[in-house]
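Chemist: Contents of entry-v4.cif (mmCIF, C-alpha atoms) are given next:
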```cif
data_my_file
#
loop_
_atom_site.label_atom_id
_atom_site.label_comp_id
_atom_site.auth_asym_id
_atom_site.auth_seq_id
_atom_site.Cartn_x
_atom_site.Cartn_y
_atom_site.Cartn_z
CA MET U 1 98.24 85.56 122.19
CA PRO U 2 100.95 83.23 120.81
CA ASP U 3 103.67 84.91 118.78
CA LYS U 4 102.52 83.20 115.61
CA ASN U 5 99.35 85.31 115.76
CA TRP U 6 101.14 88.65 115.44
CA VAL U 7 100.09 88.71 111.79
CA ALA U 8 96.44 88.62 112.86
CA ALA U 9 97.05 91.48 115.29
CA VAL U 10 98.64 93.61 112.58
CA ALA U 11 95.73 92.80 110.26
CA ARG U 12 93.28 93.75 113.01
CA LEU U 13 94.88 97.18 113.40
CA ARG U 14 94.86 97.72 109.65
CA ALA U 15 91.19 96.73 109.38
CA ARG U 16 90.38 99.22 112.14
CA ARG U 17 92.61 101.81 110.44
CA GLU U 18 94.49 102.34 113.68
CA PRO U 19 98.26 102.93 113.95
CA GLY U 20 100.50 100.57 115.86
CA VAL U 21 104.06 99.34 116.33
CA LEU U 22 105.52 95.87 115.77
CA VAL U 23 108.23 95.08 118.34
CA THR U 24 110.59 92.20 117.54
CA VAL U 25 113.44 90.76 119.60
CA VAL U 26 116.25 90.75 117.03
CA THR U 27 119.31 89.72 119.10
CA VAL U 28 119.80 87.97 122.42
CA ARG U 29 123.15 87.63 124.19
CA GLY U 30 123.28 85.42 127.25
CA HIS U 31 120.12 84.71 129.20
CA ALA U 32 116.88 86.56 128.40
CA PRO U 33 113.13 86.01 128.91
CA ARG U 34 112.46 85.33 125.20
CA ARG U 35 114.37 84.17 122.17
CA ALA U 36 115.15 86.23 119.10
CA GLY U 37 112.06 86.50 116.92
CA ALA U 38 109.58 87.03 119.77
CA LYS U 39 107.06 89.69 118.79
CA LEU U 40 104.76 92.18 120.44
CA VAL U 41 102.17 94.31 118.65
CA VAL U 42 101.34 97.60 120.35
CA GLY U 43 98.23 99.66 119.63
CA ARG U 44 97.05 102.89 121.23
CA THR U 45 95.28 101.05 124.06
CA GLU U 46 95.93 97.33 123.49
CA THR U 47 98.85 94.96 123.07
CA TRP U 48 99.14 91.48 121.58
CA GLY U 49 101.95 88.98 122.13
CA SER U 50 104.99 89.37 124.38
CA ILE U 51 108.73 89.97 124.25
CA GLY U 52 109.24 88.73 127.80
CA GLY U 53 107.35 90.98 130.19
CA GLY U 54 109.00 93.06 132.89
CA ASN U 55 111.02 96.17 132.19
CA ILE U 56 111.86 95.21 128.57
CA GLU U 57 108.24 94.96 127.57
CA ALA U 58 107.04 97.95 129.58
CA VAL U 59 109.71 100.27 128.17
CA ALA U 60 109.10 98.99 124.64
CA ILE U 61 105.37 99.66 125.02
CA ASP U 62 106.03 103.17 126.34
CA ARG U 63 108.32 103.97 123.42
CA ALA U 64 105.96 102.37 120.90
CA ARG U 65 103.13 104.60 122.04
CA GLU U 66 105.39 107.64 121.76
CA LEU U 67 106.07 106.60 118.15
CA ILE U 68 102.35 106.18 117.50
CA GLY U 69 101.90 109.84 118.43
CA THR U 70 104.78 111.01 116.20
CA PRO U 71 104.20 112.19 112.60
CA ASP U 72 105.88 109.87 110.08
CA PRO U 73 107.88 107.82 112.66
CA GLU U 74 110.94 105.77 111.63
CA PRO U 75 111.91 102.24 112.79
CA GLU U 76 114.38 102.19 115.65
CA LEU U 77 116.41 99.80 117.81
CA MET U 78 116.32 99.60 121.60
CA GLU U 79 118.95 97.83 123.69
CA PHE U 80 118.40 96.38 127.16
CA ALA U 81 121.00 95.11 129.64
CA LEU U 82 119.48 92.53 131.96
CA ASN U 83 121.42 92.77 135.21
CA ASP U 84 120.84 94.07 138.71
CA LYS U 85 123.30 96.95 138.24
CA VAL U 86 121.04 98.68 135.69
CA THR U 87 118.45 101.12 136.98
CA ASN U 88 115.31 100.51 134.98
CA ARG U 89 112.14 102.52 134.65
CA HIS U 90 109.91 99.51 135.40
CA GLY U 91 111.91 97.40 137.83
CA VAL U 92 114.92 95.05 137.71
CA GLN U 93 115.47 92.16 135.30
CA CYS U 94 118.63 90.25 136.24
CA CYS U 95 118.69 87.39 133.75
CA GLY U 96 122.28 88.30 132.97
CA GLY U 97 121.94 88.80 129.23
CA ALA U 98 121.29 91.61 126.78
CA VAL U 99 118.48 92.10 124.30
CA THR U 100 118.04 94.28 121.22
CA ALA U 101 114.51 95.00 120.01
CA LEU U 102 113.38 96.52 116.73
CA LEU U 103 110.37 98.84 116.81
CA GLU U 104 108.63 99.11 113.42
CA PRO U 105 105.82 101.67 113.12
CA LEU U 106 102.61 100.42 111.49
CA PRO U 107 101.01 103.59 110.13
CA VAL U 108 97.47 103.93 108.90
CA VAL U 109 97.82 103.54 105.16
CA PRO U 110 96.11 105.97 102.74
CA ALA U 111 92.71 105.00 101.39
CA VAL U 112 91.49 105.67 97.85
CA ALA U 113 88.10 104.99 96.26
CA ILE U 114 87.86 104.87 92.47
CA PHE U 115 84.27 105.26 91.26
CA GLY U 116 84.26 103.90 87.74
CA VAL U 117 86.66 101.12 86.79
CA GLY U 118 86.71 101.67 83.05
CA HIS U 119 89.86 102.08 80.98
CA VAL U 120 91.33 104.90 83.08
CA GLY U 121 90.05 103.51 86.38
CA LEU U 122 91.62 100.11 85.80
CA GLU U 123 94.96 101.62 84.74
CA LEU U 124 94.91 103.76 87.87
CA ALA U 125 94.05 100.73 90.02
CA ARG U 126 97.03 98.86 88.52
CA ILE U 127 99.39 101.65 89.62
CA LEU U 128 97.91 102.20 93.07
CA ALA U 129 97.79 98.45 93.73
CA ARG U 130 101.60 98.51 93.89
CA HIS U 131 101.47 100.76 96.96
CA HIS U 132 100.47 100.23 100.57
CA VAL U 133 96.94 101.64 100.37
CA ASP U 134 93.39 100.54 100.98
CA LEU U 135 91.95 100.62 97.48
CA HIS U 136 88.19 100.61 96.87
CA LEU U 137 86.97 99.85 93.34
CA VAL U 138 83.37 100.84 92.74
CA ASP U 139 81.28 100.34 89.60
CA SER U 140 77.61 99.90 88.74
CA ARG U 141 78.50 97.59 85.83
CA PRO U 142 79.25 94.01 86.95
CA GLY U 143 81.47 93.35 83.95
CA MET U 144 83.93 96.00 85.05
CA LEU U 145 84.57 94.13 88.30
CA ALA U 146 84.64 90.59 86.90
CA ASP U 147 87.39 88.38 88.30
CA ASP U 148 89.06 87.86 84.95
CA ARG U 149 89.25 91.62 84.39
CA LEU U 150 90.76 92.24 87.81
CA ASP U 151 93.28 89.41 87.46
CA VAL U 152 95.92 92.06 86.71
CA LEU U 153 95.68 93.07 90.39
CA GLU U 154 96.39 89.60 91.78
CA ASP U 155 99.90 90.54 92.97
CA ALA U 156 98.69 93.72 94.63
CA VAL U 157 100.45 95.14 97.67
CA ALA U 158 97.32 97.17 98.36
CA GLN U 159 94.29 95.74 100.10
CA ILE U 160 91.58 95.83 97.46
CA HIS U 161 87.87 96.15 98.25
CA VAL U 162 85.46 95.60 95.35
CA HIS U 163 81.99 97.17 95.44
CA HIS U 164 79.45 96.31 92.77
CA THR U 165 76.65 98.86 93.13
CA PRO U 166 74.02 98.39 90.42
CA LEU U 167 71.75 101.21 91.61
CA LEU U 168 73.34 103.68 94.02
CA PRO U 169 77.15 103.75 93.95
CA GLU U 170 77.05 106.83 96.17
CA GLU U 171 75.95 104.57 99.05
CA VAL U 172 79.55 103.36 99.22
CA LEU U 173 80.65 106.88 100.20
CA VAL U 174 79.11 106.69 103.65
CA ARG U 175 80.95 103.43 104.35
CA LEU U 176 84.40 104.77 103.51
CA ALA U 177 86.91 105.47 106.26
CA PRO U 178 87.56 109.10 107.22
CA GLY U 179 90.19 110.69 105.02
CA THR U 180 89.56 108.47 102.00
CA HIS U 181 90.51 110.15 98.74
CA VAL U 182 87.68 109.89 96.21
CA LEU U 183 88.07 109.83 92.43
CA ILE U 184 84.94 110.07 90.29
CA MET U 185 85.35 108.71 86.75
CA THR U 186 82.29 106.63 85.85
CA HIS U 187 80.93 105.93 82.38
CA ASP U 188 77.85 108.08 82.97
CA HIS U 189 77.83 111.87 83.48
CA ALA U 190 74.59 111.60 85.46
CA GLU U 191 76.25 109.11 87.81
CA ASP U 192 79.27 111.40 88.12
CA ALA U 193 77.01 114.34 88.99
CA ALA U 194 75.17 112.33 91.64
CA LEU U 195 78.45 111.21 93.14
CA CYS U 196 79.80 114.77 93.26
CA ASP U 197 76.69 115.89 95.12
CA ALA U 198 76.83 112.91 97.51
CA ALA U 199 80.57 113.37 98.15
CA LEU U 200 80.04 116.98 99.19
CA ARG U 201 77.35 115.81 101.61
CA THR U 202 79.58 113.10 103.12
CA THR U 203 81.63 114.31 106.07
CA GLY U 204 85.22 113.32 106.66
CA LEU U 205 86.34 112.46 103.14
CA GLY U 206 89.78 113.38 101.90
CA SER U 207 90.22 114.96 98.49
CA ILE U 208 87.52 114.67 95.83
CA GLY U 209 88.58 114.49 92.19
CA LEU U 210 86.46 114.48 89.03
CA ILE U 211 87.63 113.47 85.57
CA GLY U 212 86.31 115.44 82.63
CA SER U 213 86.39 118.54 80.49
CA ALA U 214 85.96 122.18 81.43
CA ALA U 215 82.52 122.16 79.79
CA LYS U 216 81.43 119.18 81.88
CA TRP U 217 82.62 120.88 85.07
CA ALA U 218 80.84 124.13 84.21
CA ARG U 219 77.54 122.24 83.96
CA PHE U 220 78.22 120.31 87.16
CA ARG U 221 79.26 123.41 89.08
CA HIS U 222 76.03 125.18 88.13
CA ARG U 223 73.90 122.17 89.16
CA LEU U 224 75.74 121.68 92.45
CA ALA U 225 75.08 125.31 93.36
CA THR U 226 71.51 125.71 92.09
CA GLU U 227 70.02 122.24 92.56
CA GLY U 228 72.32 120.85 95.23
CA GLY U 229 72.45 123.99 97.36
CA HIS U 230 76.22 123.80 97.86
CA ASP U 231 78.05 127.06 98.43
CA ALA U 232 81.11 128.05 96.40
CA ALA U 233 83.58 126.94 99.09
CA ALA U 234 82.05 123.47 99.18
CA VAL U 235 82.02 123.11 95.40
CA ASP U 236 85.66 124.18 95.28
CA ARG U 237 86.56 121.03 97.23
CA ILE U 238 86.13 119.10 93.99
CA LYS U 239 89.34 119.13 91.97
CA THR U 240 88.98 118.97 88.20
CA PRO U 241 90.82 118.31 86.02
CA ILE U 242 92.66 115.69 88.05
CA GLY U 243 96.31 114.81 87.79
CA ILE U 244 99.54 116.74 87.40
CA PRO U 245 99.11 120.00 85.44
CA GLY U 246 100.99 119.98 82.19
CA ILE U 247 100.52 116.28 81.45
CA THR U 248 97.95 116.52 78.68
CA GLY U 249 98.00 113.07 77.08
CA LYS U 250 94.61 111.44 76.60
CA GLU U 251 95.71 107.80 76.72
CA PRO U 252 94.26 105.96 79.76
CA ALA U 253 97.70 104.94 81.03
CA THR U 254 99.01 108.51 80.72
CA ILE U 255 96.04 109.92 82.63
CA ALA U 256 96.42 107.21 85.28
CA VAL U 257 100.12 107.96 85.82
CA SER U 258 99.34 111.67 86.18
CA VAL U 259 96.51 111.09 88.65
CA ALA U 260 98.53 108.57 90.67
CA ALA U 261 101.50 110.96 90.92
CA ASP U 262 99.22 113.71 92.21
CA LEU U 263 97.74 111.32 94.77
CA LEU U 264 101.15 110.21 95.97
CA ARG U 265 102.03 113.86 96.53
CA SER U 266 98.84 114.21 98.61
CA PHE U 267 99.82 111.16 100.67
CA GLU U 268 103.18 112.78 101.46
CA GLN U 269 101.45 116.01 102.53
CA ASP U 270 99.02 114.05 104.73
CA ARG U 271 101.92 112.39 106.58
CA HIS U 272 103.30 115.78 107.53
#
```
Written as structure tokens, how would this file's structure read?
Modeler:
Amino acid sequence: MPDKNWVAAVARLRARREPGVLVTVVTVRGHAPRRAGAKLVVGRTETWGSIGGGNIEAVAIDRARELIGTPDPEPELMEFALNDKVTNRHGVQCCGGAVTALLEPLPVVPAVAIFGVGHVGLELARILARHHVDLHLVDSRPGMLADDRLDVLEDAVAQIHVHHTPLLPEEVLVRLAPGTHVLIMTHDHAEDAALCDAALRTTGLGSIGLIGSAAKWARFRHRLATEGGHDAAAVDRIKTPIGIPGITGKEPATIAVSVAADLLRSFEQDRH
């Protein structure tokens, strides 16, 4: 794969939600197989591109895969002397120069699904869109997902996935990646209840949060146990109220900040 396609390789790993490492030749002194700027993308089992082959590339791939298996890895530099006096792990490269390579981990970013993109949902999306996440916006009302309404997310760092689900928004749950954090905040309590039930039946999700009052949760909890057949431990997976305790403001932006802060704390815990 030509070096110019490294962006496609990184995008491929992200779409698969697989970790990787981007290896870049940052300095070259003397003669070397590739110029500065050459790139190699390393996944768990595949590689794309090249930084010159031979010992340089083999050692970089070995180290990249060690980083892939390390919790919360940091970028690092590797230096290679290319002469026949250096004993290398994967053979001799005697070009006569020296190369420095930067290894940048490409972690699997957190994923969040917001069910209900009303006032609070949109404010929350605006905050989360500024972070490296996969952000799913789900609503049964087409107007909530209209392009002009979502224009505020145009400069998003996040990758945004929009799901208009006029009948069964819970069908989106089964298509979410493992570990996705789910937030239920639709306009309709019946829709919220159905989503709570479906989320508890969907394996592999991350946290499940429900917006609403104590009275609403009491009704939902009873229904989930009696009609849904969920035991107490399962029902306890649903967190309500959502957000940081002690932040009691009712304004949509205030609620969104509180919920986003709590999510960011969860992301940190997940990395460790």
Chemist: The PyMOL selection byres ((chain U and resi 29) around 7) on the file shown: which residues, as a list in words?
Modeler: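 Output of the PyMOL selection byres ((chain U and resi 29) around 7): Thr27, Val28, Gly30, His31, Gly97, Ala98 and Val99 of chain U.
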Chemist: Once the PyMOL selection byres ((chain U and resi 124) around 12) has been applied to the shown file, what residues remain in the selection, as a ChimeraX atom specification?
Modeler: /U:112-123,125-131,135-137,152-153,183,185,243,251-263
Chemist: When you look at Gly37 (chain U) with a cut-off of 9 Å (counting all atoms listed in the file), what residues show up, excluding the ones that are within fewer than 4 positions of it in the same chain? I need them as number ranges by chain.
Modeler: U: 3, 24-27, 51
Chemist: Using all atoms listed in the file, list the residues that have an atom at most 9 Å from (91.9, 115.8, 101.2), coordinates as in the file, as a VMD selection string.
Modeler: chain U and resid 179 to 182 204 to 208 237 266 270
Chemist: Tell me, as a VMD selection string, which residues lie within 8 Å of Arg221 (chain U), counting only C-alpha atoms; anything in the same chain fewer than 4 positions away does not count.
Modeler: chain U and resid 217 225 235
Chemist: What is the distance, in Å and to one decimal place, between CA of Arg271 (chain U) and CA of Glu18 (chain U)?
Modeler: 14.4 Å
